[in-house]
>>> print(open('my_file_2.cif').read())   # mmCIF, C-alpha atoms
data_entry
#
loop_
_atom_site.label_atom_id
_atom_site.label_comp_id
_atom_site.auth_asym_id
_atom_site.auth_seq_id
_atom_site.Cartn_x
_atom_site.Cartn_y
_atom_site.Cartn_z
CA MET A 29 279.36 25.83 13.10
CA THR A 30 283.09 25.84 12.24
CA LYS A 31 285.98 23.57 13.07
CA GLU A 32 287.12 26.06 15.70
CA ASN A 33 286.22 25.65 19.37
CA ILE A 34 282.89 27.21 20.28
CA ASN A 35 280.98 28.25 23.37
CA GLY A 36 277.24 27.75 23.28
CA ILE A 37 274.13 25.77 23.95
CA LEU A 38 272.97 22.71 22.00
CA THR A 39 269.34 21.64 22.09
CA TYR A 40 268.73 17.91 21.44
CA GLY A 41 265.19 16.55 21.66
CA CYS A 42 263.67 18.10 24.75
CA LYS A 43 266.99 18.27 26.63
CA ILE A 44 269.46 21.18 26.69
CA TYR A 45 273.18 20.53 26.95
CA LEU A 46 275.79 23.19 27.78
CA PHE A 47 279.12 22.91 25.97
CA TRP A 48 282.17 24.95 26.92
CA SER A 49 285.11 24.88 24.52
CA VAL A 50 283.87 21.92 22.47
CA THR A 51 284.57 20.89 18.89
CA ASN A 52 282.36 19.45 16.18
CA GLU A 53 283.85 16.01 16.91
CA ASP A 54 282.92 16.32 20.59
CA ILE A 55 279.33 17.13 19.68
CA LYS A 56 279.16 14.32 17.13
CA ARG A 57 280.41 11.76 19.65
CA TYR A 58 277.99 13.01 22.31
CA LEU A 59 274.99 12.88 20.00
CA THR A 60 275.95 9.42 18.77
CA ALA A 61 276.22 8.17 22.35
CA GLU A 62 272.87 9.77 23.22
CA ARG A 63 271.19 8.21 20.19
CA ASP A 64 272.59 4.75 20.94
CA ALA A 65 271.59 5.04 24.60
CA MET A 66 267.97 5.62 23.56
CA LYS A 67 267.89 2.48 21.39
CA THR A 68 267.28 -0.10 24.08
CA GLY A 69 265.43 -3.38 24.06
CA TYR A 70 264.83 -6.22 26.47
CA SER A 71 265.02 -9.98 26.77
CA ILE A 72 262.94 -12.40 28.82
CA LYS A 73 264.37 -15.62 30.27
CA THR A 74 262.64 -18.17 32.47
CA TRP A 75 264.22 -18.87 35.85
CA LYS A 76 263.32 -22.37 37.05
CA MET A 77 263.15 -22.49 40.85
CA ARG A 78 262.21 -25.44 43.02
CA LEU A 79 259.22 -24.67 45.25
CA PHE A 80 258.78 -26.03 48.78
CA CYS A 81 255.24 -25.46 50.10
CA PRO A 82 254.25 -26.54 53.63
CA GLU A 83 250.59 -26.80 52.50
CA LYS A 84 250.70 -29.32 49.65
CA GLN A 85 246.98 -30.06 49.97
CA MET A 86 246.18 -26.38 49.46
CA ILE A 87 248.38 -26.34 46.35
CA GLU A 88 246.36 -29.24 44.92
CA THR A 89 243.04 -27.59 45.84
CA THR A 90 244.07 -24.30 44.24
CA GLU A 91 245.26 -26.05 41.07
CA ALA A 92 242.00 -28.01 40.82
CA LEU A 93 239.96 -24.80 41.11
CA TYR A 94 242.16 -23.11 38.51
CA ARG A 95 241.66 -25.94 36.03
CA GLU A 96 237.89 -25.75 36.57
CA ALA A 97 237.95 -21.99 36.00
CA VAL A 98 240.01 -22.32 32.80
CA ALA A 99 237.64 -25.01 31.49
CA PHE A 100 234.64 -22.79 32.37
CA TYR A 101 235.97 -19.78 30.43
CA TYR A 102 237.18 -22.04 27.61
CA GLU A 103 233.65 -23.38 27.04
CA LEU A 104 232.22 -19.85 27.06
CA LEU A 105 234.73 -18.70 24.44
CA LYS A 106 234.18 -21.71 22.18
CA GLU A 107 230.59 -20.55 21.69
CA ARG A 108 231.60 -16.97 20.82
CA GLU A 109 233.50 -17.07 17.56
CA GLU A 110 233.35 -13.27 17.19
CA LEU A 111 235.85 -12.98 20.08
CA TRP A 112 238.50 -15.37 18.76
CA ALA A 113 240.36 -12.72 16.78
CA GLU A 114 240.24 -10.10 19.56
CA ASN A 115 243.19 -9.34 21.81
CA LEU A 116 243.42 -10.80 25.31
CA LEU A 117 242.33 -7.59 27.04
CA THR A 118 239.17 -7.31 24.93
CA ILE A 119 238.30 -10.97 25.53
CA GLN A 120 238.87 -10.48 29.23
CA GLY A 121 236.46 -7.54 29.29
CA HIS A 122 233.70 -9.54 27.54
CA LEU A 123 234.13 -12.50 29.89
CA GLU A 124 233.94 -10.27 32.95
CA LYS A 125 230.66 -8.75 31.72
CA LEU A 126 229.26 -12.27 31.40
CA THR A 127 230.51 -13.66 34.73
CA VAL A 128 231.11 -10.78 37.18
CA PRO A 129 228.42 -8.59 38.83
CA GLY A 130 228.54 -4.97 37.65
CA ARG A 131 228.79 -1.91 39.87
CA ASP A 132 225.53 -0.73 38.34
CA GLY A 133 223.75 -3.81 39.69
CA ARG A 134 224.18 -5.92 36.56
CA GLU A 135 223.67 -9.62 37.28
CA PRO A 136 226.09 -12.09 35.63
CA LYS A 137 224.66 -14.61 33.16
CA TYR A 138 227.11 -17.30 34.23
CA ILE A 139 228.59 -18.15 37.63
CA PRO A 140 232.22 -19.37 37.61
CA PRO A 141 233.27 -22.38 39.72
CA GLY A 142 233.87 -21.40 43.31
CA GLY A 143 231.51 -18.43 42.98
CA LYS A 144 233.34 -15.14 43.43
CA LEU A 145 236.97 -15.62 42.41
CA PRO A 146 239.83 -13.22 43.27
CA VAL A 147 240.21 -10.74 40.42
CA TYR A 148 243.76 -11.73 39.42
CA PHE A 149 243.02 -15.43 39.77
CA ARG A 150 240.09 -15.24 37.35
CA ARG A 151 241.97 -12.99 34.91
CA SER A 152 244.83 -15.47 34.80
CA ALA A 153 242.33 -18.25 34.04
CA MET A 154 240.65 -16.08 31.38
CA ASN A 155 243.94 -15.41 29.63
CA LYS A 156 244.87 -19.10 29.69
CA ALA A 157 241.48 -20.05 28.21
CA ALA A 158 241.70 -17.30 25.59
CA MET A 159 245.15 -18.46 24.43
CA ALA A 160 243.91 -22.06 24.26
CA VAL A 161 240.94 -21.01 22.11
CA LYS A 162 243.14 -18.93 19.79
CA THR A 163 245.52 -21.87 19.33
CA ALA A 164 242.67 -24.30 18.73
CA ALA A 165 240.97 -21.94 16.25
CA SER A 166 244.16 -21.54 14.20
CA ALA A 167 244.59 -25.34 14.14
CA GLU A 168 240.86 -25.80 13.45
CA SER A 169 240.72 -28.45 16.16
CA PHE A 170 239.24 -27.87 19.62
CA PRO A 171 240.31 -30.37 22.31
CA GLU A 172 237.64 -31.40 24.77
CA LYS A 173 239.95 -30.81 27.73
CA ILE A 174 242.95 -28.56 28.28
CA ASP A 175 245.66 -28.96 30.90
CA ALA A 176 246.63 -25.63 32.38
CA ASN A 177 249.39 -24.83 34.85
CA ILE A 178 248.42 -22.06 37.23
CA THR A 179 250.04 -18.68 36.54
CA PHE A 180 250.09 -16.32 39.52
CA PHE A 181 249.23 -12.77 38.47
CA LYS A 182 250.25 -9.88 40.66
CA GLY A 183 247.87 -9.94 43.62
CA MET A 184 248.08 -13.73 43.93
CA TYR A 185 251.70 -13.65 45.11
CA ARG A 186 253.96 -11.23 46.96
CA ASP A 187 257.46 -10.87 48.45
CA LEU A 188 259.16 -12.91 45.70
CA THR A 189 262.89 -13.31 46.42
CA ASP A 190 265.67 -15.79 45.60
CA THR A 191 264.70 -17.94 48.59
CA SER A 192 260.97 -17.50 49.21
CA VAL A 193 257.59 -16.35 47.95
CA VAL A 194 254.19 -15.83 49.57
CA LEU A 195 251.31 -17.39 47.59
CA LYS A 196 247.57 -16.88 47.89
CA LEU A 197 246.08 -20.39 48.08
CA TRP A 198 242.56 -21.84 48.34
CA ASN A 199 241.85 -24.37 51.12
CA GLY A 200 238.34 -25.17 49.93
CA LYS A 201 236.70 -22.57 52.15
CA LYS A 202 238.80 -19.41 52.03
CA TRP A 203 241.93 -17.87 50.53
CA ILE A 204 245.05 -17.91 52.70
CA TRP A 205 248.53 -16.41 52.25
CA VAL A 206 251.18 -19.15 52.57
CA LEU A 207 254.95 -18.66 52.82
CA CYS A 208 256.84 -21.06 50.52
CA GLY A 209 260.57 -21.70 50.09
CA LEU A 210 262.52 -21.46 46.82
CA THR A 211 265.87 -22.85 45.71
CA GLY A 212 267.74 -22.19 42.47
CA ARG A 213 269.89 -19.58 40.77
CA PRO A 214 269.59 -16.09 42.28
CA PHE A 215 267.66 -13.60 40.18
CA PRO A 216 269.80 -11.06 38.30
CA LYS A 217 270.04 -7.61 39.81
CA GLU A 218 267.94 -4.79 38.33
CA ALA A 219 265.69 -7.29 36.53
CA ALA A 220 261.89 -7.25 36.49
CA LEU A 221 260.23 -10.44 37.74
CA LEU A 222 257.03 -11.25 35.82
CA SER A 223 254.08 -13.52 36.63
CA PRO A 224 255.39 -16.96 37.75
CA THR A 225 253.86 -20.32 36.81
CA LEU A 226 253.57 -23.44 38.95
CA VAL A 227 254.81 -26.52 37.06
CA HIS A 228 255.05 -30.19 38.06
CA GLU A 229 258.28 -31.85 36.90
CA GLU A 230 258.44 -35.49 37.92
CA LYS A 231 258.16 -35.49 41.73
CA TRP A 232 259.26 -31.87 42.06
CA LEU A 233 257.18 -28.74 42.23
CA MET A 234 258.80 -26.02 40.13
CA PHE A 235 258.25 -22.26 40.05
CA HIS A 236 258.96 -20.84 36.57
CA VAL A 237 259.63 -17.12 36.83
CA PRO A 238 259.97 -15.00 33.63
CA VAL A 239 262.80 -12.50 34.18
CA LYS A 240 262.85 -9.36 32.05
CA GLN A 241 266.25 -7.72 31.56
CA GLU A 242 267.06 -4.58 29.64
CA ASN A 243 269.27 -4.86 26.59
CA SER A 244 271.23 -1.64 26.20
CA ASP A 245 272.03 -2.24 22.50
CA ALA A 246 269.00 -2.66 20.24
CA ARG A 247 270.56 -1.30 17.04
CA THR A 248 269.63 -3.00 13.79
CA ALA A 249 272.11 -5.09 11.80
CA LYS A 250 272.39 -2.32 9.20
CA GLU A 251 273.23 0.29 11.85
CA ARG A 252 275.84 -1.98 13.40
CA MET A 253 277.49 -2.70 10.05
CA GLN A 254 277.58 1.00 9.17
CA GLU A 255 279.42 1.65 12.43
CA GLY A 256 282.00 -1.07 11.77
CA ALA A 257 280.75 -3.82 14.08
CA ARG A 258 282.79 -6.99 14.28
CA VAL A 259 281.22 -10.20 12.98
CA CYS A 260 281.50 -13.66 14.49
CA SER A 261 280.58 -16.44 12.06
CA VAL A 262 279.95 -20.05 13.12
CA ARG A 263 280.27 -23.38 11.35
CA PHE A 264 278.69 -26.40 13.07
CA THR A 265 280.38 -29.79 12.57
CA ASN A 266 279.83 -33.48 13.30
CA THR A 267 283.32 -34.02 14.73
CA ASP A 268 284.85 -33.46 18.17
CA SER A 269 284.31 -29.76 17.50
CA PHE A 270 280.69 -28.80 18.03
CA ALA A 271 281.42 -25.50 16.32
CA VAL A 272 284.27 -23.51 14.78
CA CYS A 273 283.96 -19.73 15.20
CA THR A 274 285.94 -16.83 13.77
CA VAL A 275 285.76 -13.08 14.39
CA LEU A 276 286.25 -10.67 11.49
CA ASP A 277 286.83 -6.93 11.72
CA GLU A 278 285.29 -4.28 9.46
CA GLY A 279 287.85 -5.06 6.74
CA SER A 280 287.10 -8.82 6.85
CA ARG A 281 290.42 -9.56 8.57
CA GLN A 282 290.41 -12.47 11.00
CA LEU A 283 290.98 -11.40 14.61
CA ALA A 284 290.32 -14.57 16.61
CA VAL A 285 289.31 -18.23 16.29
CA LYS A 286 287.41 -20.45 18.70
CA ASN A 287 287.06 -24.25 18.59
CA CYS A 288 284.21 -25.53 20.80
CA ARG A 289 285.27 -29.09 21.57
CA GLY A 290 283.49 -31.92 23.37
CA GLY A 291 281.66 -33.61 20.50
CA ASN A 292 283.36 -36.98 21.01
CA ALA A 293 282.65 -36.97 24.75
CA TYR A 294 279.01 -36.10 24.09
CA ARG A 295 278.71 -38.89 21.53
CA HIS A 296 280.33 -41.37 23.95
CA HIS A 297 277.95 -40.50 26.82
CA CYS A 298 274.91 -40.81 24.54
CA LYS A 299 276.03 -44.21 23.23
CA ALA A 300 276.58 -45.47 26.78
CA LEU A 301 273.05 -44.49 27.78
CA LEU A 302 271.53 -45.99 24.63
CA LYS A 303 273.34 -49.27 25.36
CA LYS A 304 271.75 -49.32 28.82
CA VAL A 305 268.35 -48.76 27.24
CA GLU A 306 268.90 -51.62 24.82
CA ALA A 307 270.22 -53.98 27.51
CA SER A 308 267.25 -53.34 29.81
CA ARG A 309 264.63 -53.51 27.05
CA ALA A 310 264.06 -57.23 27.56
CA PHE A 311 263.09 -56.54 31.16
CA THR A 312 261.09 -53.33 30.68
CA ASP A 313 259.13 -53.68 27.42
CA LYS A 314 256.30 -55.48 29.19
CA ASP A 315 256.12 -52.96 32.04
CA ASN A 316 252.72 -51.35 32.36
CA VAL A 317 254.09 -47.78 32.06
CA SER A 318 253.77 -45.13 29.37
CA GLN A 319 257.54 -44.95 28.74
CA PRO A 320 259.83 -47.79 29.82
CA ASN A 321 263.40 -46.78 30.71
CA ARG A 322 262.23 -43.26 31.38
CA LYS A 323 265.18 -42.53 33.67
CA TYR A 324 267.64 -43.21 30.86
CA TYR A 325 265.77 -41.01 28.41
CA MET A 326 265.65 -38.25 31.01
CA HIS A 327 269.44 -38.62 31.36
CA LEU A 328 269.72 -38.17 27.59
CA LYS A 329 267.50 -35.09 27.73
CA HIS A 330 269.59 -33.53 30.50
CA LEU A 331 272.80 -34.44 28.66
CA ASN A 332 271.56 -32.64 25.54
CA GLU A 333 270.61 -29.57 27.55
CA HIS A 334 273.95 -29.54 29.39
CA TYR A 335 276.10 -29.66 26.25
CA ALA A 336 273.88 -27.23 24.33
CA HIS A 337 274.06 -24.69 27.16
CA GLN A 338 277.81 -25.23 27.52
CA VAL A 339 278.60 -24.73 23.83
CA SER A 340 276.24 -21.77 23.40
CA LYS A 341 277.81 -20.10 26.46
CA GLU A 342 281.31 -20.65 25.04
CA ILE A 343 280.30 -18.98 21.77
CA ILE A 344 278.63 -16.01 23.53
CA ASP A 345 281.64 -15.54 25.84
CA PHE A 346 283.93 -15.63 22.79
CA CYS A 347 281.81 -12.92 21.14
CA LYS A 348 281.92 -10.76 24.26
CA GLU A 349 285.69 -11.15 24.66
CA ASN A 350 286.17 -9.93 21.09
CA HIS A 351 283.51 -7.16 21.25
CA THR A 352 281.38 -8.71 18.53
CA GLY A 353 278.14 -7.01 17.52
CA ILE A 354 276.77 -9.61 15.08
CA LEU A 355 276.70 -13.41 15.24
CA VAL A 356 276.18 -15.17 11.90
CA LEU A 357 274.82 -18.73 11.76
CA PRO A 358 274.68 -20.89 8.61
CA GLU A 359 271.33 -21.63 7.02
CA TYR A 360 270.73 -24.52 4.60
CA ASP A 361 267.78 -25.50 2.46
CA GLU A 362 265.24 -27.83 4.04
CA ASP A 363 266.14 -30.95 2.04
CA PHE A 364 269.87 -30.62 2.73
CA SER A 365 269.25 -30.07 6.46
CA ARG A 366 266.94 -33.07 6.71
CA ILE A 367 269.39 -35.39 4.92
CA SER A 368 272.37 -34.15 6.95
CA MET A 369 270.56 -34.64 10.25
CA TYR A 370 269.40 -38.10 9.21
CA ARG A 371 272.91 -39.20 8.27
CA SER A 372 274.51 -37.76 11.39
CA GLY A 373 272.07 -39.54 13.75
CA ASN A 374 269.87 -38.33 16.59
CA TYR A 375 272.58 -38.15 19.24
CA SER A 376 275.40 -36.53 17.30
CA PRO A 377 277.19 -33.16 17.61
CA LEU A 378 275.62 -31.94 14.36
CA HIS A 379 272.10 -32.89 15.46
CA LEU A 380 272.65 -31.05 18.75
CA SER A 381 273.38 -27.90 16.73
CA ILE A 382 269.59 -27.39 16.42
CA ARG A 383 269.33 -26.89 20.17
CA ILE A 384 272.58 -24.89 20.33
CA ARG A 385 271.24 -22.56 17.64
CA ASN A 386 268.01 -21.95 19.60
CA TYR A 387 269.94 -21.22 22.80
CA LEU A 388 272.27 -18.83 20.97
CA LYS A 389 269.40 -16.68 19.74
CA TYR A 390 268.08 -15.67 23.15
CA LYS A 391 271.45 -15.64 24.91
CA ALA A 392 273.01 -13.39 22.28
CA TRP A 393 270.14 -10.88 22.37
CA ALA A 394 270.38 -10.70 26.17
CA GLU A 395 274.03 -9.62 25.74
CA GLY A 396 273.26 -7.05 23.03
CA ILE A 397 274.50 -9.29 20.18
CA LEU A 398 272.36 -9.65 17.07
CA VAL A 399 271.98 -13.11 15.49
CA LEU A 400 271.65 -13.41 11.71
CA GLU A 401 271.04 -16.59 9.73
CA LEU A 402 272.57 -16.58 6.25
CA ARG A 403 272.45 -19.11 3.43
CA ALA A 404 275.75 -20.99 3.42
CA ASP A 405 275.63 -21.85 -0.30
CA GLY A 406 279.14 -21.75 -1.82
CA THR A 407 280.98 -21.00 1.42
CA GLU A 408 282.65 -24.43 1.50
CA LYS A 409 283.90 -24.49 -2.12
CA GLN A 410 285.86 -21.24 -2.11
CA CYS A 411 289.24 -20.55 -0.52
CA SER A 412 289.03 -17.98 2.27
CA ILE A 413 292.65 -16.92 1.61
CA CYS A 414 292.69 -16.22 -2.15
CA GLY A 415 289.12 -16.82 -3.32
CA ALA A 416 290.00 -19.70 -5.68
CA THR A 417 287.91 -22.85 -5.84
CA GLY A 418 289.11 -26.08 -4.29
CA LYS A 419 288.08 -29.32 -2.66
CA LYS A 420 288.15 -30.92 0.75
CA GLN A 421 290.41 -33.77 1.79
CA GLY A 422 289.27 -35.01 5.19
CA SER A 423 289.27 -32.03 7.52
CA ILE A 424 291.45 -29.91 5.19
CA PHE A 425 290.40 -27.64 2.35
CA ILE A 426 292.93 -27.34 -0.50
CA CYS A 427 292.46 -24.69 -3.18
CA GLN A 428 293.82 -24.60 -6.76
CA ASN A 429 296.60 -22.25 -5.65
CA GLY A 430 297.82 -24.69 -3.01
CA HIS A 431 296.49 -22.99 0.11
CA GLN A 432 295.51 -25.39 2.89
CA VAL A 433 293.17 -24.54 5.74
CA ASN A 434 290.82 -26.36 8.08
CA ARG A 435 287.65 -26.79 6.03
CA PHE A 436 285.34 -25.80 8.90
CA LEU A 437 287.33 -22.63 9.61
CA ASN A 438 287.36 -21.93 5.86
CA GLY A 439 283.57 -22.18 5.74
CA ALA A 440 283.17 -19.96 8.84
CA ARG A 441 285.42 -17.24 7.34
CA ASN A 442 283.55 -17.27 4.03
CA LEU A 443 280.18 -17.11 5.81
CA GLY A 444 281.24 -14.02 7.77
CA ARG A 445 282.61 -12.30 4.67
CA LYS A 446 279.49 -13.17 2.71
CA CYS A 447 277.44 -11.45 5.41
CA GLN A 448 279.64 -8.34 5.33
CA GLU A 449 279.59 -8.21 1.53
CA SER A 450 275.79 -8.41 1.41
CA PHE A 451 275.55 -5.28 3.59
CA ARG A 452 278.18 -3.47 1.53
CA LYS A 453 276.19 -4.11 -1.65
CA ASN A 454 272.98 -2.86 -0.09
CA ASN A 455 274.65 0.30 1.19
CA LYS A 456 276.17 1.31 -2.16
CA PRO A 457 274.75 4.57 -3.53
CA SER A 458 272.42 4.06 -6.49
#
>>> encode(input="my_file_2.cif", output="structure tokens")
Amino acid sequence: MTKENINGILTYGCKIYLFWSVTNEDIKRYLTAERDAMKTGYSIKTWKMRLFCPEKQMIETTEALYREAVAFYYELLKEREELWAENLLTIQGHLEKLTVPGRDGREPKYIPPGGKLPVYFRRSAMNKAAMAVKTAASAESFPEKIDANITFFKGMYRDLTDTSVVLKLWNGKKWIWVLCGLTGRPFPKEAALLSPTLVHEEKWLMFHVPVKQENSDARTAKERMQEGARVCSVRFTNTDSFAVCTVLDEGSRQLAVKNCRGGNAYRHHCKALLKKVEASRAFTDKDNVSQPNRKYYMHLKHLNEHYAHQVSKEIIDFCKENHTGILVLPEYDEDFSRISMYRSGNYSPLHLSIRIRNYLKYKAWAEGILVLELRADGTEKQCSICGATGKKQGSIFICQNGHQVNRFLNGARNLGRKCQESFRKNNKPS
């Protein structure tokens, strides 16, 4: 094939493409796009919906039967150590041979609670028991009792929408389809809704629905770097800035900077709640409850979740605005991390970075952004402008050549360049 325009047919995989007056560059771009389009992945998020059921008694009866079924299968599996290492499908098959009549007239050795259970109800209970046994076996400690929230497999629910769902419930005598209401965020379009779980949260009944969404970009970090992907590096702080982010292009030139503020406001809200806890302790310590001042601690929990979601969303939006393919987070050795978290305190911007980091990982992947964690050793002692060593003075880094830069931005730049340099070294021809 020459550089001149050609007429012909190109076969790629099992597809045939017709090209009229195309060049080598046209073909290369088309094949690259086709290859990238085939490299897809997916992400799963849990949508938390509030459930309103007109038959609350039937919900309780169904949950009680489910717990009995899980406990029944759990006890059977505890006695069969040869099944603990098997996959869930294999375990399910063995349990059904023991507890379900066969088409060939085989009689079951054991009868589950409630007698004949709906097929998807019992399989859900089997899977829950199998996972509990696997967890207990790895920990070498089997609890006497396990608490299991009911997961509705397909066949136990239908017509799931943003506002309602129909559940198959047990009233003590027979199974009945019941229409229930739902409130919460609408499900994303073109997403697959997986088996939901019924969860009690305080006085509310929640419906946790796993939502599977396709990720159109599942390229590896090496592939992205080879194609010149932009890198966003992050430096978490214990100041008013939760995080300082910078975007670098293929040549390690800075393109944009983001300062995620709100650390002081977060710290202030936490201190206010902790003061309320301390002030009320004299009146609540003798209360006959498992956790006095629970409402205040729940406020703290929700405050942490709010700020962590807010900051992680800001960082992801910043990456999307600047077409970033890789997000680099700093990683420190265990001793340094433990000491830093201890000194910063439980309700500090730096301590919240643990939760922010966890949220970033799944949010980034859902947007086609790859998260890498890289050791941050040496990134704070080197000037990001000239490479000379220096020292920090407050929030400023000053190098031997006189350059001054925000020390958190300096660390973020060096982290991103360290990531790029590591890939360049690995890609050098031997």
>>> closest_residue(input="my_file_2.cif", among="A:Gly439, A:Gly291, A:Gly430, A:Gly209", to="A:Tyr375", atoms="all atoms listed in the file")
A:Gly291
>>> atom_distance(input="my_file_2.cif", atom1="atom CA of A:Lys76", atom2="atom CA of A:Ala394")
17.4 Å
>>> atom_distance(input="my_file_2.cif", atom1="atom CA of A:Cys81", atom2="atom CA of A:Leu195")
9.3 Å
>>> closest_atom_pairs(input="my_file_2.cif", of="stretch 191-265 of chain A", to="stretch 168-176 of chain A", cutoff="12 Å", atoms="all atoms listed in the file", output="Markdown table")
| residue | atom | partner | partner_atom | distance |
| --- | --- | --- | --- | --- |
| A:Thr225 | CA | A:Ala176 | CA | 10.0 |
| A:Leu226 | CA | A:Ala176 | CA | 9.8 |
| A:Val227 | CA | A:Ala176 | CA | 9.5 |
| A:His228 | CA | A:Ala176 | CA | 11.1 |
>>> closest_residue(input="my_file_2.cif", among="A:Val356, A:Phe451, A:Cys347, A:Arg263", to="A:Glu408", atoms="only C-alpha atoms")
A:Arg263
>>> residues_near_point(input="my_file_2.cif", point="(273.0, -21.7, 2.1)", cutoff="8 Å", atoms="all atoms listed in the file", output="compact mmCIF listing (two decimals) with C-alpha atoms, keeping the file's coordinate frame")
# COMPACT_ATOMS: atom_id res chain seq x y z
CA PRO A 358 274.68 -20.89 8.61
CA GLU A 359 271.33 -21.63 7.02
CA TYR A 360 270.73 -24.52 4.60
CA ASP A 361 267.78 -25.50 2.46
CA LEU A 402 272.57 -16.58 6.25
CA ARG A 403 272.45 -19.11 3.43
CA ALA A 404 275.75 -20.99 3.42
CA ASP A 405 275.63 -21.85 -0.30
CA GLY A 406 279.14 -21.75 -1.82
>>> decode(input="my_file_2.cif", residues="stretch 315-366 of chain A", atoms="C-alpha atoms", output="short mmCIF file (atom, residue, chain, number, x, y, z; two decimals), in the first residue's frame")
data_model
loop_
_atom_site.label_atom_id
_atom_site.label_comp_id
_atom_site.auth_asym_id
_atom_site.auth_seq_id
_atom_site.Cartn_x
_atom_site.Cartn_y
_atom_site.Cartn_z
CA ASP A 315 -29.17 6.52 78.82
CA ASN A 316 -29.94 2.86 78.30
CA VAL A 317 -29.11 2.94 74.57
CA SER A 318 -26.31 1.40 72.52
CA GLN A 319 -25.01 4.79 71.28
CA PRO A 320 -25.91 8.01 73.11
CA ASN A 321 -26.08 11.14 70.94
CA ARG A 322 -26.64 8.99 67.90
CA LYS A 323 -28.31 11.83 65.99
CA TYR A 324 -25.18 13.96 66.26
CA TYR A 325 -22.92 11.16 65.09
CA MET A 326 -25.27 10.51 62.17
CA HIS A 327 -24.98 14.22 61.31
CA LEU A 328 -21.19 13.81 61.30
CA LYS A 329 -21.46 10.75 59.07
CA HIS A 330 -23.69 12.59 56.58
CA LEU A 331 -21.39 15.63 56.71
CA ASN A 332 -18.40 13.45 55.81
CA GLU A 333 -20.29 11.85 52.94
CA HIS A 334 -21.51 15.21 51.64
CA TYR A 335 -18.06 16.83 51.51
CA ALA A 336 -16.36 13.69 50.16
CA HIS A 337 -18.90 13.43 47.33
CA GLN A 338 -18.64 17.17 46.64
CA VAL A 339 -14.84 17.22 46.42
CA SER A 340 -14.58 14.00 44.41
CA LYS A 341 -17.18 15.35 41.95
CA GLU A 342 -15.22 18.60 41.58
CA ILE A 343 -12.05 16.66 40.76
CA ILE A 344 -13.82 14.38 38.24
CA ASP A 345 -15.52 17.36 36.56
CA PHE A 346 -12.13 19.11 36.35
CA CYS A 347 -10.66 16.01 34.67
CA LYS A 348 -13.53 15.85 32.18
CA GLU A 349 -13.28 19.56 31.33
CA ASN A 350 -9.60 19.11 30.52
CA HIS A 351 -10.00 15.75 28.71
CA THR A 352 -7.83 13.88 31.19
CA GLY A 353 -7.26 10.15 30.71
CA ILE A 354 -5.33 9.37 33.91
CA LEU A 355 -5.81 10.57 37.49
CA VAL A 356 -2.77 10.19 39.77
CA LEU A 357 -3.16 10.06 43.55
CA PRO A 358 -0.28 10.19 46.05
CA GLU A 359 0.64 7.07 48.00
CA TYR A 360 2.66 7.11 51.22
CA ASP A 361 4.17 4.37 53.34
CA GLU A 362 1.98 2.98 56.10
CA ASP A 363 3.85 4.55 59.04
CA PHE A 364 3.85 8.03 57.49
CA SER A 365 0.12 7.79 56.65
CA ARG A 366 -0.78 6.64 60.16
#
